[in-house]
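J.: Sharing coords04.pdb below, PDB, C-alpha atoms, pLDDT in the B column:
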```pdb
ATOM      1  CA  MET Q 760     124.213 143.361 303.233  1.00 36.00           C
ATOM      2  CA  GLU Q 761     125.699 145.642 305.850  1.00 41.00           C
ATOM      3  CA  PRO Q 762     126.753 149.095 304.673  1.00 44.00           C
ATOM      4  CA  ARG Q 763     130.492 149.699 304.462  1.00 42.00           C
ATOM      5  CA  GLY Q 764     132.469 152.417 306.150  1.00 41.00           C
ATOM      6  CA  GLY Q 765     130.698 152.362 309.526  1.00 49.00           C
ATOM      7  CA  ALA Q 766     128.882 155.686 308.988  1.00 48.00           C
ATOM      8  CA  TRP Q 767     125.519 154.035 309.614  1.00 49.00           C
ATOM      9  CA  GLN Q 768     126.699 152.792 313.043  1.00 61.00           C
ATOM     10  CA  THR Q 769     127.580 156.219 314.450  1.00 67.00           C
ATOM     11  CA  SER Q 770     125.406 157.544 317.270  1.00 79.00           C
ATOM     12  CA  ASN Q 771     124.797 161.288 317.375  1.00 80.00           C
ATOM     13  CA  VAL Q 772     122.675 161.439 320.522  1.00 83.00           C
ATOM     14  CA  GLU Q 773     125.306 163.489 322.344  1.00 85.00           C
ATOM     15  CA  ASN Q 774     125.677 165.858 319.380  1.00 82.00           C
ATOM     16  CA  LEU Q 775     122.012 166.839 319.057  1.00 89.00           C
ATOM     17  CA  PRO Q 776     120.522 169.561 321.285  1.00 91.00           C
ATOM     18  CA  PRO Q 777     117.849 168.491 323.803  1.00 92.00           C
ATOM     19  CA  HIS Q 778     114.957 170.175 321.984  1.00 93.00           C
ATOM     20  CA  ILE Q 779     115.811 168.303 318.754  1.00 93.00           C
ATOM     21  CA  LEU Q 780     116.020 165.009 320.648  1.00 92.00           C
ATOM     22  CA  ARG Q 781     112.576 165.660 322.128  1.00 93.00           C
ATOM     23  CA  LEU Q 782     111.153 166.266 318.650  1.00 93.00           C
ATOM     24  CA  VAL Q 783     112.727 163.045 317.375  1.00 94.00           C
ATOM     25  CA  TYR Q 784     111.376 161.061 320.350  1.00 93.00           C
ATOM     26  CA  ARG Q 785     107.906 162.464 319.696  1.00 94.00           C
ATOM     27  CA  GLU Q 786     107.961 161.615 315.994  1.00 95.00           C
ATOM     28  CA  LEU Q 787     109.270 158.111 316.598  1.00 94.00           C
ATOM     29  CA  SER Q 788     106.541 157.546 319.170  1.00 94.00           C
ATOM     30  CA  LEU Q 789     103.910 158.547 316.613  1.00 94.00           C
ATOM     31  CA  LEU Q 790     105.510 156.317 313.964  1.00 94.00           C
ATOM     32  CA  SER Q 791     105.465 153.369 316.375  1.00 94.00           C
ATOM     33  CA  SER Q 792     101.820 153.822 317.327  1.00 94.00           C
ATOM     34  CA  ASP Q 793     100.632 154.707 313.806  1.00 95.00           C
ATOM     35  CA  PRO Q 794     103.157 153.358 311.267  1.00 95.00           C
ATOM     36  CA  PRO Q 795     102.767 153.871 307.507  1.00 95.00           C
ATOM     37  CA  ASP Q 796     101.248 150.936 305.644  1.00 96.00           C
ATOM     38  CA  GLY Q 797     103.808 148.178 305.102  1.00 96.00           C
ATOM     39  CA  ILE Q 798     106.426 149.792 307.351  1.00 97.00           C
ATOM     40  CA  LYS Q 799     107.333 148.657 310.865  1.00 96.00           C
ATOM     41  CA  LEU Q 800     109.539 150.606 313.252  1.00 95.00           C
ATOM     42  CA  PHE Q 801     112.049 149.052 315.646  1.00 93.00           C
ATOM     43  CA  PRO Q 802     112.623 151.841 318.189  1.00 84.00           C
ATOM     44  CA  ASN Q 803     115.808 152.055 320.214  1.00 86.00           C
ATOM     45  CA  GLU Q 804     115.329 154.406 323.158  1.00 80.00           C
ATOM     46  CA  GLU Q 805     119.065 154.503 323.856  1.00 85.00           C
ATOM     47  CA  ASP Q 806     119.888 155.812 320.383  1.00 89.00           C
ATOM     48  CA  VAL Q 807     117.112 157.623 318.533  1.00 91.00           C
ATOM     49  CA  THR Q 808     119.587 158.800 315.885  1.00 92.00           C
ATOM     50  CA  GLY Q 809     119.626 155.315 314.338  1.00 94.00           C
ATOM     51  CA  VAL Q 810     116.093 154.543 313.156  1.00 94.00           C
ATOM     52  CA  GLN Q 811     115.617 150.943 312.024  1.00 95.00           C
ATOM     53  CA  VAL Q 812     112.546 149.780 310.108  1.00 97.00           C
ATOM     54  CA  THR Q 813     111.340 146.977 307.883  1.00 97.00           C
ATOM     55  CA  ILE Q 814     109.595 147.713 304.592  1.00 98.00           C
ATOM     56  CA  GLU Q 815     107.347 145.200 302.843  1.00 97.00           C
ATOM     57  CA  GLY Q 816     108.045 144.835 299.153  1.00 97.00           C
ATOM     58  CA  PRO Q 817     105.113 146.447 297.297  1.00 97.00           C
ATOM     59  CA  GLU Q 818     102.796 144.174 295.320  1.00 96.00           C
ATOM     60  CA  GLY Q 819     103.257 144.287 291.557  1.00 96.00           C
ATOM     61  CA  THR Q 820     107.023 144.872 291.852  1.00 97.00           C
ATOM     62  CA  PRO Q 821     109.987 142.468 291.750  1.00 97.00           C
ATOM     63  CA  TYR Q 822     110.285 143.057 295.508  1.00 98.00           C
ATOM     64  CA  ALA Q 823     106.800 141.741 296.358  1.00 97.00           C
ATOM     65  CA  GLY Q 824     106.810 139.224 299.185  1.00 96.00           C
ATOM     66  CA  GLY Q 825     110.121 140.489 300.543  1.00 97.00           C
ATOM     67  CA  LEU Q 826     110.761 142.150 303.877  1.00 98.00           C
ATOM     68  CA  PHE Q 827     113.604 144.655 303.701  1.00 98.00           C
ATOM     69  CA  ARG Q 828     115.468 146.068 306.676  1.00 97.00           C
ATOM     70  CA  MET Q 829     116.754 149.621 306.405  1.00 97.00           C
ATOM     71  CA  LYS Q 830     118.135 152.315 308.666  1.00 96.00           C
ATOM     72  CA  LEU Q 831     117.990 156.101 308.802  1.00 96.00           C
ATOM     73  CA  VAL Q 832     120.960 157.779 310.470  1.00 95.00           C
ATOM     74  CA  LEU Q 833     120.348 161.262 311.867  1.00 95.00           C
ATOM     75  CA  GLY Q 834     123.546 163.292 311.704  1.00 92.00           C
ATOM     76  CA  LYS Q 835     124.711 165.923 314.171  1.00 92.00           C
ATOM     77  CA  GLU Q 836     123.268 168.665 311.921  1.00 93.00           C
ATOM     78  CA  PHE Q 837     119.778 167.119 311.756  1.00 95.00           C
ATOM     79  CA  PRO Q 838     117.200 168.488 310.960  1.00 94.00           C
ATOM     80  CA  ALA Q 839     119.066 171.187 309.052  1.00 94.00           C
ATOM     81  CA  ALA Q 840     120.721 168.371 307.081  1.00 94.00           C
ATOM     82  CA  PRO Q 841     118.824 165.291 305.853  1.00 95.00           C
ATOM     83  CA  PRO Q 842     119.294 161.859 307.415  1.00 95.00           C
ATOM     84  CA  LYS Q 843     121.273 159.212 305.578  1.00 95.00           C
ATOM     85  CA  GLY Q 844     119.473 156.077 304.462  1.00 96.00           C
ATOM     86  CA  PHE Q 845     120.859 152.545 304.150  1.00 96.00           C
ATOM     87  CA  PHE Q 846     119.314 149.227 303.175  1.00 97.00           C
ATOM     88  CA  LEU Q 847     120.561 146.534 305.552  1.00 97.00           C
ATOM     89  CA  THR Q 848     118.998 143.793 303.417  1.00 97.00           C
ATOM     90  CA  LYS Q 849     120.780 143.125 300.145  1.00 97.00           C
ATOM     91  CA  ILE Q 850     118.688 144.373 297.230  1.00 98.00           C
ATOM     92  CA  PHE Q 851     119.101 144.771 293.457  1.00 98.00           C
ATOM     93  CA  HIS Q 852     117.899 148.304 292.806  1.00 98.00           C
ATOM     94  CA  PRO Q 853     119.226 151.199 290.695  1.00 97.00           C
ATOM     95  CA  ASN Q 854     119.144 153.646 293.599  1.00 97.00           C
ATOM     96  CA  VAL Q 855     120.830 151.434 296.196  1.00 97.00           C
ATOM     97  CA  GLY Q 856     124.619 151.302 296.191  1.00 96.00           C
ATOM     98  CA  PRO Q 857     126.911 148.344 296.958  1.00 93.00           C
ATOM     99  CA  GLY Q 858     127.073 149.316 300.635  1.00 94.00           C
ATOM    100  CA  GLY Q 859     123.300 149.709 300.948  1.00 96.00           C
ATOM    101  CA  GLU Q 860     123.355 153.520 300.655  1.00 96.00           C
ATOM    102  CA  ILE Q 861     120.159 155.020 299.223  1.00 97.00           C
ATOM    103  CA  CYS Q 862     120.083 157.758 296.606  1.00 94.00           C
ATOM    104  CA  VAL Q 863     116.797 159.661 296.601  1.00 93.00           C
ATOM    105  CA  ASN Q 864     116.182 163.371 296.211  1.00 92.00           C
ATOM    106  CA  VAL Q 865     114.415 163.747 299.552  1.00 93.00           C
ATOM    107  CA  LEU Q 866     117.660 162.727 301.259  1.00 93.00           C
ATOM    108  CA  ARG Q 867     119.585 165.297 299.249  1.00 91.00           C
ATOM    109  CA  ARG Q 868     118.597 168.502 297.522  1.00 91.00           C
ATOM    110  CA  ASP Q 869     114.829 168.178 298.171  1.00 93.00           C
ATOM    111  CA  TRP Q 870     115.197 167.837 301.936  1.00 95.00           C
ATOM    112  CA  ARG Q 871     113.408 170.304 304.205  1.00 94.00           C
ATOM    113  CA  ALA Q 872     113.365 170.117 307.982  1.00 91.00           C
ATOM    114  CA  GLU Q 873     109.560 170.191 308.111  1.00 93.00           C
ATOM    115  CA  LEU Q 874     109.206 167.035 305.987  1.00 94.00           C
ATOM    116  CA  GLY Q 875     109.872 164.641 308.864  1.00 93.00           C
ATOM    117  CA  LEU Q 876     110.853 160.980 308.996  1.00 96.00           C
ATOM    118  CA  ARG Q 877     107.433 159.627 307.941  1.00 96.00           C
ATOM    119  CA  HIS Q 878     107.756 161.403 304.591  1.00 96.00           C
ATOM    120  CA  VAL Q 879     111.266 159.974 304.128  1.00 96.00           C
ATOM    121  CA  LEU Q 880     110.130 156.399 304.822  1.00 97.00           C
ATOM    122  CA  LEU Q 881     107.166 156.680 302.446  1.00 96.00           C
ATOM    123  CA  THR Q 882     109.434 158.103 299.729  1.00 96.00           C
ATOM    124  CA  ILE Q 883     111.858 155.201 300.091  1.00 97.00           C
ATOM    125  CA  LYS Q 884     108.984 152.713 299.870  1.00 97.00           C
ATOM    126  CA  CYS Q 885     107.790 154.482 296.695  1.00 96.00           C
ATOM    127  CA  LEU Q 886     111.307 154.093 295.327  1.00 96.00           C
ATOM    128  CA  LEU Q 887     110.703 150.331 295.279  1.00 97.00           C
ATOM    129  CA  ILE Q 888     107.718 150.973 293.006  1.00 97.00           C
ATOM    130  CA  HIS Q 889     109.262 153.667 290.800  1.00 96.00           C
ATOM    131  CA  PRO Q 890     113.065 153.364 290.601  1.00 96.00           C
ATOM    132  CA  ASN Q 891     114.958 156.322 289.130  1.00 94.00           C
ATOM    133  CA  PRO Q 892     117.660 155.130 286.721  1.00 93.00           C
ATOM    134  CA  GLU Q 893     118.865 158.713 286.158  1.00 90.00           C
ATOM    135  CA  SER Q 894     120.436 158.813 289.640  1.00 89.00           C
ATOM    136  CA  ALA Q 895     121.623 155.220 289.752  1.00 94.00           C
ATOM    137  CA  LEU Q 896     124.136 154.048 292.344  1.00 96.00           C
ATOM    138  CA  ASN Q 897     123.932 150.547 290.883  1.00 97.00           C
ATOM    139  CA  GLU Q 898     124.776 151.180 287.234  1.00 96.00           C
ATOM    140  CA  GLU Q 899     124.003 147.635 286.118  1.00 97.00           C
ATOM    141  CA  ALA Q 900     120.530 147.745 287.668  1.00 97.00           C
ATOM    142  CA  GLY Q 901     119.913 151.165 286.110  1.00 97.00           C
ATOM    143  CA  ARG Q 902     121.011 149.980 282.659  1.00 97.00           C
ATOM    144  CA  LEU Q 903     118.864 146.836 282.804  1.00 97.00           C
ATOM    145  CA  LEU Q 904     115.859 148.846 283.970  1.00 97.00           C
ATOM    146  CA  LEU Q 905     116.107 150.984 280.817  1.00 96.00           C
ATOM    147  CA  GLU Q 906     117.188 148.344 278.290  1.00 97.00           C
ATOM    148  CA  ASN Q 907     115.771 145.004 279.455  1.00 97.00           C
ATOM    149  CA  TYR Q 908     113.136 145.266 282.168  1.00 97.00           C
ATOM    150  CA  GLU Q 909     112.460 141.516 282.239  1.00 97.00           C
ATOM    151  CA  GLU Q 910     116.077 140.734 283.070  1.00 98.00           C
ATOM    152  CA  TYR Q 911     116.158 143.526 285.641  1.00 98.00           C
ATOM    153  CA  ALA Q 912     112.997 142.184 287.294  1.00 98.00           C
ATOM    154  CA  ALA Q 913     114.367 138.630 287.283  1.00 98.00           C
ATOM    155  CA  ARG Q 914     117.562 139.748 289.047  1.00 98.00           C
ATOM    156  CA  ALA Q 915     115.599 141.790 291.576  1.00 98.00           C
ATOM    157  CA  ARG Q 916     113.226 138.869 292.273  1.00 98.00           C
ATOM    158  CA  LEU Q 917     116.155 136.483 292.718  1.00 97.00           C
ATOM    159  CA  LEU Q 918     117.853 138.631 295.345  1.00 97.00           C
ATOM    160  CA  THR Q 919     114.521 139.212 297.038  1.00 98.00           C
ATOM    161  CA  GLU Q 920     113.980 135.448 297.194  1.00 97.00           C
ATOM    162  CA  ILE Q 921     117.470 134.848 298.607  1.00 96.00           C
ATOM    163  CA  HIS Q 922     117.841 137.717 301.066  1.00 97.00           C
ATOM    164  CA  ALA Q 923     114.394 139.119 301.921  1.00 96.00           C
ATOM    165  CA  ARG Q 924     112.123 136.093 302.308  1.00 88.00           C
ATOM    166  CA  GLY Q 925     110.933 134.817 305.663  1.00 62.00           C
ATOM    167  CA  PRO Q 926     111.169 136.521 309.055  1.00 59.00           C
ATOM    168  CA  PRO Q 927     113.874 139.207 309.150  1.00 50.00           C
ATOM    169  CA  ARG Q 928     116.825 138.961 311.459  1.00 50.00           C
ATOM    170  CA  ALA Q 929     116.470 140.954 314.654  1.00 52.00           C
ATOM    171  CA  PRO Q 930     118.007 144.423 314.391  1.00 53.00           C
ATOM    172  CA  PRO Q 931     121.500 144.636 315.929  1.00 49.00           C
ATOM    173  CA  ASP Q 932     120.341 146.763 318.854  1.00 52.00           C
ATOM    174  CA  ALA Q 933     117.002 145.016 319.459  1.00 50.00           C
ATOM    175  CA  PRO Q 934     116.558 143.201 322.800  1.00 48.00           C
ATOM    176  CA  SER Q 935     117.043 139.449 322.754  1.00 42.00           C
ATOM    177  CA  THR Q 936     113.872 137.366 322.546  1.00 41.00           C
ATOM    178  CA  SER Q 937     115.434 133.947 323.157  1.00 39.00           C
ATOM    179  CA  ALA Q 938     113.238 131.432 324.952  1.00 43.00           C
ATOM    180  CA  PRO Q 939     113.783 130.963 328.712  1.00 44.00           C
ATOM    181  CA  PRO Q 940     115.362 127.711 329.887  1.00 40.00           C
ATOM    182  CA  PRO Q 941     112.868 124.879 330.517  1.00 41.00           C
ATOM    183  CA  ALA Q 942     111.369 124.766 334.011  1.00 45.00           C
ATOM    184  CA  PRO Q 943     112.344 121.885 336.323  1.00 42.00           C
ATOM    185  CA  PRO Q 944     109.784 119.110 336.986  1.00 42.00           C
ATOM    186  CA  PRO Q 945     107.044 120.220 339.423  1.00 44.00           C
ATOM    187  CA  ASP Q 946     108.019 117.670 342.079  1.00 45.00           C
ATOM    188  CA  GLY Q 947     111.720 118.401 341.954  1.00 42.00           C
ATOM    189  CA  PRO Q 948     114.443 116.093 340.633  1.00 43.00           C
ATOM    190  CA  GLN Q 949     113.425 112.480 340.264  1.00 48.00           C
ATOM    191  CA  PRO Q 950     115.592 109.655 341.682  1.00 44.00           C
ATOM    192  CA  LYS Q 951     117.567 107.688 339.121  1.00 45.00           C
ATOM    193  CA  LYS Q 952     116.494 104.128 338.423  1.00 49.00           C
ATOM    194  CA  HIS Q 953     119.086 101.424 339.047  1.00 47.00           C
ATOM    195  CA  ALA Q 954     119.716  98.693 336.506  1.00 47.00           C
ATOM    196  CA  GLY Q 955     118.239  96.096 338.847  1.00 47.00           C
ATOM    197  CA  ASP Q 956     115.036  98.065 339.149  1.00 48.00           C
ATOM    198  CA  ARG Q 957     114.521  98.019 335.397  1.00 50.00           C
ATOM    199  CA  ASP Q 958     114.736  94.182 335.348  1.00 51.00           C
ATOM    200  CA  LYS Q 959     112.107  93.707 338.020  1.00 50.00           C
ATOM    201  CA  LYS Q 960     108.645  92.805 336.724  1.00 53.00           C
ATOM    202  CA  PRO Q 961     105.521  93.973 338.528  1.00 53.00           C
ATOM    203  CA  ALA Q 962     103.796  91.379 340.705  1.00 54.00           C
ATOM    204  CA  PRO Q 963     100.772  89.761 338.985  1.00 53.00           C
ATOM    205  CA  PRO Q 964      97.344  90.559 340.380  1.00 52.00           C
ATOM    206  CA  LYS Q 965      95.950  88.174 342.977  1.00 52.00           C
ATOM    207  CA  LYS Q 966      92.328  88.385 341.926  1.00 50.00           C
ATOM    208  CA  LYS Q 967      92.311  85.218 339.742  1.00 49.00           C
ATOM    209  CA  ALA Q 968      93.875  82.984 342.445  1.00 51.00           C
ATOM    210  CA  ASP Q 969      91.424  84.193 345.081  1.00 53.00           C
ATOM    211  CA  LYS Q 970      88.531  83.489 342.708  1.00 47.00           C
ATOM    212  CA  LYS Q 971      89.666  79.844 342.141  1.00 49.00           C
ATOM    213  CA  ARG Q 972      89.921  79.182 345.904  1.00 52.00           C
ATOM    214  CA  ALA Q 973      86.419  80.514 346.389  1.00 46.00           C
ATOM    215  CA  LEU Q 974      85.026  78.151 343.706  1.00 44.00           C
ATOM    216  CA  ARG Q 975      86.627  75.105 345.331  1.00 50.00           C
ATOM    217  CA  ARG Q 976      84.914  75.870 348.623  1.00 48.00           C
ATOM    218  CA  LEU Q 977      81.607  75.733 346.795  1.00 45.00           C
TER
END
```
Using structure tokens, write down the structure that the file contains.
T.:
Amino acid sequence: MEPRGGAWQTSNVENLPPHILRLVYRELSLLSSDPPDGIKLFPNEEDVTGVQVTIEGPEGTPYAGGLFRMKLVLGKEFPAAPPKGFFLTKIFHPNVGPGGEICVNVLRRDWRAELGLRHVLLTIKCLLIHPNPESALNEEAGRLLLENYEEYAARARLLTEIHARGPPRAPPDAPSTSAPPPAPPPDGPQPKKHAGDRDKKPAPPKKKADKKRALRRL
């Protein structure tokens, strides 16, 4: 489910000072080479202010077996202000709003510039294990979590099965990986066969006739 309002699509590369951009590049490079367990980064060198990742649903949760796409958007005041987080894959979770927006303390009052993006991603993954119904953006999910966990888990598993199973769709700004067109035959184009050629039968071998003539001579 794509977030509404378009805030997650805004690039802030031109709004961030060069030294901040260098720090972001460095951290994203480290995250790509040494990602947290169950998290995969899809870097976009043209826009480092939109960080796309996939998160594997943790075992023992209703999200197990799912692969969830999400995005962190670094605003023009980053790192003084926290990034904004959005789930791009539809998910039934108390702390994920109808537009995919994520409510977690580290993206609000608990944010500190020194925490870094790795800490944010790990916190969001932990949110799949320990939802917080007290700060629910999805009131129905929060109510079910408190009053009827089995029904909550069934709803979460159903949406995971529908929207998060199988290989994820390529991120919007990922390069295309479509297969190249098939190569032509090695000997070039082959001549077309005419209808008359298809009706012709191959000439029978002459070995049997030659053998009979040789026997008669004997």
J.: Run through the PyMOL selection byres ((chain Q and resi 786) around 12) on the given coordinates and return the selected residues as a ChimeraX atom specification.
T.: /Q:779-785,787-794,800,802,807-808,810,873-878
J.: Care to translate the PyMOL selection byres ((chain Q and resi 842) around 8) into actual residues of this file, as a ChimeraX atom specification?
T.: /Q:831-834,837-838,840-841,843-844,866
J.: May I have the protein, DNA and RNA residues with an atom at most 12 Å from (120.4, 151.1, 292.9), counting only C-alpha atoms in the file's coordinates, returned as an MDAnalysis selection string?
T.: chainID Q and resid 845:846 849:863 883 886:887 889:904 911 915
J.: Pull out every residue that the PyMOL selection byres ((chain Q and resi 771) around 6) matches in the shown coordinates and put them as a list in words.
T.: Ser770, Val772, Glu773, Asn774, Thr808 and Lys835 of chain Q
J.: Rank Q:Leu847, Q:Ala923, Q:Val879, Q:Gly797 by their smallest atom-to-atom distance to Asn864 (chain Q), using all atoms listed in the file, and report the top residue only.
T.: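 With all atoms listed in the file as the atom set, the closest residue is Q:Val879.
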J.: For a test of reading the model, state the distance in Å between CA of Ala913 (chain Q) and CA of Pro817 (chain Q), rounded to one decimal.
T.: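 Between CA of Ala913 (chain Q) and CA of Pro817 (chain Q) the gap is 15.7 Å.
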J.: Tell me, in Å to one decimal, how far CA of Ala823 (chain Q) is from CA of Arg868 (chain Q).
T.: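 Calculated distance between CA of Ala823 (chain Q) and CA of Arg868 (chain Q) is 29.3 Å.
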J.: So how many Å separate CA of Ala912 (chain Q) and CA of Gly819 (chain Q), to one decimal?
T.: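 One can read the CA of Ala912 (chain Q) to CA of Gly819 (chain Q) distance as 10.8 Å.
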J.: Considering all atoms listed in the file, can you say which of Q:Cys885, Q:Pro795, Q:Asp806, Q:Ala839 comes closest to Arg871 (chain Q)?
T.: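 For Arg871 (chain Q), the nearest of the candidates is Q:Ala839.
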J.: Restricting the calculation to only C-alpha atoms: of Q:Leu826, Q:Lys884, Q:Asp869, Q:Pro821, which residue gets closest to Tyr908 (chain Q)?
T.: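 Counting only C-alpha atoms, the residue closest to Tyr908 (chain Q) is Q:Pro821.
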J.: Mind checking which residues fall within 8 Å of Tyr822 (chain Q), counting all atoms listed in the file, ignoring those fewer than 2 positions away in the same chain, and posting them as a ChimeraX atom specification?
T.: /Q:816-818,820,824-825,887,915-916,919
